[in-house]
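One structure below.
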Amino acid sequence: MLEGILAGLETAFSLTNLLMVIGGCLIGTFIGMLPGLGPMSIIAIMIPVAISIGDPSAALILLAGVYYGAIFGGSTSSILINAPGVASTVATSFDGYPLARQGKAGKALTVAAIASFSGGTIGAILLMVFAPALATVALLFHSAEYFALMVVGLSAIAAFAGSGQAGKAVLMTLMGLIMATVGEGALFNMPRFTMGIMDLQSGFGFITLAMAMFALPEAMYLVLDPSRSNTGGGSSEIKDLRITRAEAKAIAPVIGRQSIQGFLIGVLPGAGATIASFLGYAVERNLAPKEEQEQFGKGSIKGLAAPESANNAACTGSFVPLLTLGIPGSGTTAILLGALIALNVSPGPRLMIDEPQIFWAVIISMYLGNLILLILNLPLIPYIAKVLAVPRTYLIPFILFFTLMGAYIGQNNATELLILVGLGICATVLRFADYPLAPLLIGFILGSMLEDNFARSMQLYDGLGFILERPMTLGLLGMAVILVLLPGYRARRARLRAEGTADAD
Amino acid sequence: MALDRWIALIILMICLAYGYTAFFTMDGALPPFMKRNPIWPSTFPKLLSVMAIFTALYVLLGLEKGAEEPKPMDINYRRLTDYKLGQALMLLGMMAAYALLLRPAGFLPATVAFLAAGAFVLGERKLHILLPIAAAAAGVVWYLVQEVLGIFLSPWPAILTNGG
């Protein structure tokens with residue numbers, strides 16, 4: 001193993017490969033910041049470039065740099081304009097955007113940069129140490145466990161709602177799941193719920209829905225109430241990048257926990273950065289003391305650090321099944337697998353033995369990529385955050401324009417823009433009535449994976465028998481039930497206590 | 001009835017229609033060999049519709065009682081006319097118009113018009129600053145999307161590019 005690491009160090013620190021990491025991170029950050037282009041599409045665009053390089057190590061290092069850069073860039077647009085272009089940075093906007101609106105955009109971007117760097121670095125170290133062993137554990141998870149794990153992830157969204165709002169959160173999740181069933185799924189290859197509309201054959205677009213749920217209602221609120229835009233900008237706030245010692249102390253354990261949890265979730269094929277970031281957010285909210293829980297969703301730095309560490313660590317984790325088993329752990333790593341095969345590299349258990357310089361060079365370049373992102377982006381934060389100082393009369397039309405472009409680029413279809421406007425109006429009305437919108441998007445993102453694993457389990461066990469026959473599945477589903485009932489129970493306890501009747505229970 | 005319960009009622013209607021389709025109409029076209037499978041295309045939607053109907057009823061009937069006092073609303077929908085409702089509606093209309101005109105009018109004219117008109121509606125009157133910024137932004141985005149990313153975006157009206 002030591003020989004392999006040394007060979008990897010030599011390869012990763014060659015001038016060409018260092019340039020690949022820097023170039024990849026810059027391209028990824030820049031394109032990832034544009035709402036509408038997630039890591040999958042960016043990597044797909046970069047594959048021809050990578051293949052033309054010829055050297056598999058350099059190509060893979062470039063693509064890995066683009067991957068990390070895109071995740072980082074997606075966080076920036078989530079924090080500054082509440083437009084998460086990437087599913088795994090949706091949770092970042094829950095607290096990142098409120099912080100920006102409070103005039104703490106610089107601080108939010110600094111926390112995101114540090115949490116991303118730490119998550120990625122801890123993930124890379126864990127990958128180096130545990131890659132072979134973790135690949136074996138991941139094989140124990142079957143479709144039934146994945147189904148149950150996703151149900152747990154969806155149940156945890158009850159944590160996103162305030163006390164006494166679990167019903168609305170569950171309803172929104174179910175609406176998201178229902179929307180995910182629209183269109184021609186890969187599973188049955190027949191159109192469902194399309195109402196004969198051709199443009200619905202491929203279902204709703206994720207980017208369209210994300211823009212409609214977050215960016216458009218926020219822009220409408222800024223239009224309706226101009227005083228809202230007075231709190232964000234101001235050059236003095238943008239310069240404030242520092243985090244205090246107390247803040248650093250508060251987020252350190254969150255980053256540690258979520259880096260490990262995110263990495264483990266990333267290792268599971270099919271889970272990935274999106275589930276890791278949502279679960280990370282929900283877990284940290286539940287772990288926080290009561291008074292801090294109130295701050296989640298309103299600008300908590302813990303709520304920002306959790307998904308940022310988790311999604312970067314999960315990105316690293318998703319390379320474990322890819323490099324050691326040849327199984328893609330996420331959509332993005334599936335594209336990377338295609339690139340590897342095109343480069344005549346066969347990922348799998350033999351990769352570590354036959355081509356250690358590729359295996360270790362990629363792992364070492366992940367660490368380098370995170371370091372370079374931190375070095376490049378921290379000094380750039382004041383300039384990036386200046387977007388908030390743009391006058392409202394210019395900022396709002398530009399937000400709306402990027403929202404429209406995001407939806408158009410994602411689907412290359414003008415009808416998608418009309419769907420965006422329609423869904424955006426619905427989302428604004430839902431927000432008027434205090435319905436949480438994040439659960440709808442989470443339900444939509446996980447919907448097809450959930451149904452896919454449910455169907456496989458049903459087919460394997462010829463019915464619902466898998467629930468009782470697999471103890472891990474039963475345990476996870478039990479946990480999901482507790483997660484749904486817990487907020488209601490807490491709310492009831494708090495109400496009784498407020499009425500002074502708790503003692504009588 | 002409060003807005004949130006009206007919304008729950010609308011969602012309930014949608015779920016009933018969704019459930020009706022899943023339970024009664026979807027499986028009609030299913031080939032016989034698929035009917036022997038333990039899972040049909042309608043299985044998951046059936047489960048979802050039942051759960052969603054019960055949850056919508058739960059919210060509609062106000063069975064959930066929160067521990068917190070209702071928090072002050074960001075925007076009070078009962079007094080919408082106190083806000084800049086006209087501007088919001090105009091911008092939404094312009095977004096719909098942009099969607100309809102993007103291809104026939106071409107990306108550059110449609111985008112310049114959208115950005116300039118949007119800023120104008122919001123109160124910007126310095127056209128000598130506004131128009132060059134809108135034109136530059138449209139040009140840069142077009143170049144990035146078309147030339148760098150390779151996604152086709154017709155820059156000029158269809159009537160010009162198709163030769164009339």
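Going through the structure tokens in order, the chains are called A, B, and so on, while each chain numbers its residues from 1 and the ligands are numbered from 1 in the order shown.
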Sorted per-residue table, region 414-483 of chain A near region 38-43 of chain B, closest atoms and distance, 7 Å, only C-alpha atoms, as CSV:
```
residue,atom,partner,partner_atom,distance
A:Ala455,CA,B:Ile39,CA,6.3
A:Met458,CA,B:Pro38,CA,6.4
A:Gln459,CA,B:Pro38,CA,6.0
A:Asp462,CA,B:Pro38,CA,5.6
A:Gly463,CA,B:Pro38,CA,5.7
```
Okay, now the selection with N, CA and C atoms, as an mmCIF file, in the first residue's frame?
```cif
data_model
loop_
_atom_site.group_PDB
_atom_site.id
_atom_site.type_symbol
_atom_site.label_atom_id
_atom_site.label_comp_id
_atom_site.auth_asym_id
_atom_site.auth_seq_id
_atom_site.Cartn_x
_atom_site.Cartn_y
_atom_site.Cartn_z
ATOM 1 N N ALA A 455 -39.770 -1.417 -5.878
ATOM 2 C CA ALA A 455 -40.198 -2.392 -6.893
ATOM 3 C C ALA A 455 -39.274 -3.608 -6.906
ATOM 4 N N MET A 458 -40.024 -5.739 -3.909
ATOM 5 C CA MET A 458 -41.308 -6.440 -4.099
ATOM 6 C C MET A 458 -41.125 -7.635 -5.042
ATOM 7 N N GLN A 459 -40.343 -7.434 -6.103
ATOM 8 C CA GLN A 459 -40.151 -8.507 -7.067
ATOM 9 C C GLN A 459 -39.327 -9.644 -6.465
ATOM 10 N N ASP A 462 -41.541 -11.281 -3.810
ATOM 11 C CA ASP A 462 -42.896 -11.549 -4.278
ATOM 12 C C ASP A 462 -43.948 -10.893 -3.378
ATOM 13 N N GLY A 463 -43.708 -9.692 -3.012
ATOM 14 C CA GLY A 463 -44.660 -8.945 -2.181
ATOM 15 C C GLY A 463 -43.945 -8.172 -1.091
#
```
Which residues come within 6 Å of region 87-92 of chain B, counting only C-alpha atoms, excluding same-chain residues fewer than 3 positions away, as a list in words?
-> Val223 of chain A; Lys84 and Met95 of chain B
Which residues are close to Phe120 (chain B), i.e. within 12 Å by only C-alpha atoms, leaving aside same-chain residues fewer than 2 positions away? Reply as a short mmCIF file (atom, residue, chain, number, x, y, z; two decimals) with C-alpha atoms, in the first residue's frame.
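Final file, result_21.cif:
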```cif
data_model
loop_
_atom_site.label_atom_id
_atom_site.label_comp_id
_atom_site.auth_asym_id
_atom_site.auth_seq_id
_atom_site.Cartn_x
_atom_site.Cartn_y
_atom_site.Cartn_z
CA ARG A 392 -32.82 45.66 -6.49
CA THR A 393 -34.04 47.00 -9.85
CA TYR A 394 -31.23 45.08 -11.57
CA ILE A 396 -34.49 40.90 -9.45
CA PRO A 397 -34.71 40.79 -13.28
CA GLN B 87 -45.18 44.84 -10.23
CA MET B 90 -46.32 42.26 -14.44
CA LEU B 91 -43.04 40.40 -13.92
CA MET B 94 -43.24 39.04 -18.65
CA VAL B 112 -32.58 42.34 -23.79
CA ALA B 113 -36.30 43.19 -23.80
CA PHE B 114 -36.97 41.04 -20.71
CA LEU B 115 -34.09 42.43 -18.64
CA ALA B 116 -34.70 46.05 -19.64
CA ALA B 117 -38.47 45.88 -19.22
CA GLY B 118 -38.10 44.04 -15.88
CA LEU B 122 -39.20 47.97 -10.89
CA GLY B 123 -38.44 51.68 -11.23
CA GLU B 124 -35.15 51.94 -13.12
CA ARG B 125 -35.29 54.91 -15.49
CA LYS B 126 -31.63 55.32 -16.56
CA LEU B 127 -32.06 53.74 -19.97
CA ILE B 129 -27.16 52.42 -18.35
CA LEU B 130 -29.90 49.82 -18.43
CA LEU B 131 -29.87 48.98 -22.14
CA ALA B 134 -28.98 44.17 -20.64
#
```
When you get a sec, could you note down which chain A residues fall within 8 Å of chain B, using only C-alpha atoms, as a ChimeraX atom specification?
-> /A:45,163-165,167-168,170-171,174-175,177-178,181,188,192-193,220-221,223-225,393-394,396-398,400-401,404,409,412,414-415,417-418,421,430,432-435,451,455,458-459,462-463,488,491-492,494-495
Write out as a PyMOL selection string all residues of region 299-378 of chain A that DSSP puts in helix (DSSP H, G or I) for this structure's backbone.
-> chain A and resi 301-317+319-325+331-342+351-354+356-378
Can you pull out every residue within 8 Å of region 307-324 of chain A, counting only C-alpha atoms, but drop anything in the same chain fewer than 4 positions away, and send it as a PyMOL selection string?
-> chain A and resi 68+71+75+88-89+91-92+112+115-124+127+131-132+134-135+138+255+258-269+272-274+276-278+280-281+303+328-330+333+337+347-352+359+366
Extract, using only C-alpha atoms, all DNA, RNA and protein residues at most 9 Å from Val90 (chain A), discarding same-chain residues fewer than 4 positions from it, and format them as a PyMOL selection string.
-> chain A and resi 74-75+78+82-86+94+210+274+277-278+307+438+441-442
Using only C-alpha atoms, which residues sit within 9 Å of Leu477 (chain A) once same-chain residues fewer than 5 positions away are excluded, as a list in words?
->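 Within the cut-off, the hits are Ala148, Leu149, Val151, Val152, Ile467, Met472 and Ile482 of chain A.
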Print the selection's residues with C-alpha atoms to a file, as a PDB file, in the first residue's frame.
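Below is the file that was written, out12.pdb:
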```pdb
ATOM      1  CA  ALA A 148     -35.891   1.758   4.019  1.00  0.00           C
ATOM      2  CA  LEU A 149     -32.940   4.173   4.182  1.00  0.00           C
ATOM      3  CA  VAL A 151     -37.919   6.317   3.842  1.00  0.00           C
ATOM      4  CA  VAL A 152     -35.829   7.326   6.883  1.00  0.00           C
ATOM      5  CA  ILE A 467     -40.156  -5.827   5.464  1.00  0.00           C
ATOM      6  CA  MET A 472     -32.219  -4.150   9.027  1.00  0.00           C
ATOM      7  CA  ILE A 482     -40.503   7.347  15.194  1.00  0.00           C
TER       8      ILE A 482
END
```
Could you check how far CA of Phe141 (chain A) sits from CA of Ser365 (chain A), in Å to one decimal?
->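 Separation between CA of Phe141 (chain A) and CA of Ser365 (chain A): 28.9 Å.
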Name the closest residue to Leu440 (chain A) among the candidates A:Pro48, A:Gly69, A:Gly4, A:Gly176; distances are taken between atoms, counting only C-alpha atoms.
->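 Smallest separation from Leu440 (chain A) among the options: A:Gly176.
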Find the residues near Ser14 (chain A): any atom within 12 Å, counting only C-alpha atoms, skip ones fewer than 6 places away on the same chain, and give them as a list in words.
->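 My list of contacting residues is Ala7, Gly8, Met20, Val21, Ser57, Ala58, Ile61, Ala361, Ile364 and Ser365 of chain A.
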Gap from CA of Gly183 (chain A) to CA of Leu200 (chain A) - Å, one decimal | 5.7 Å
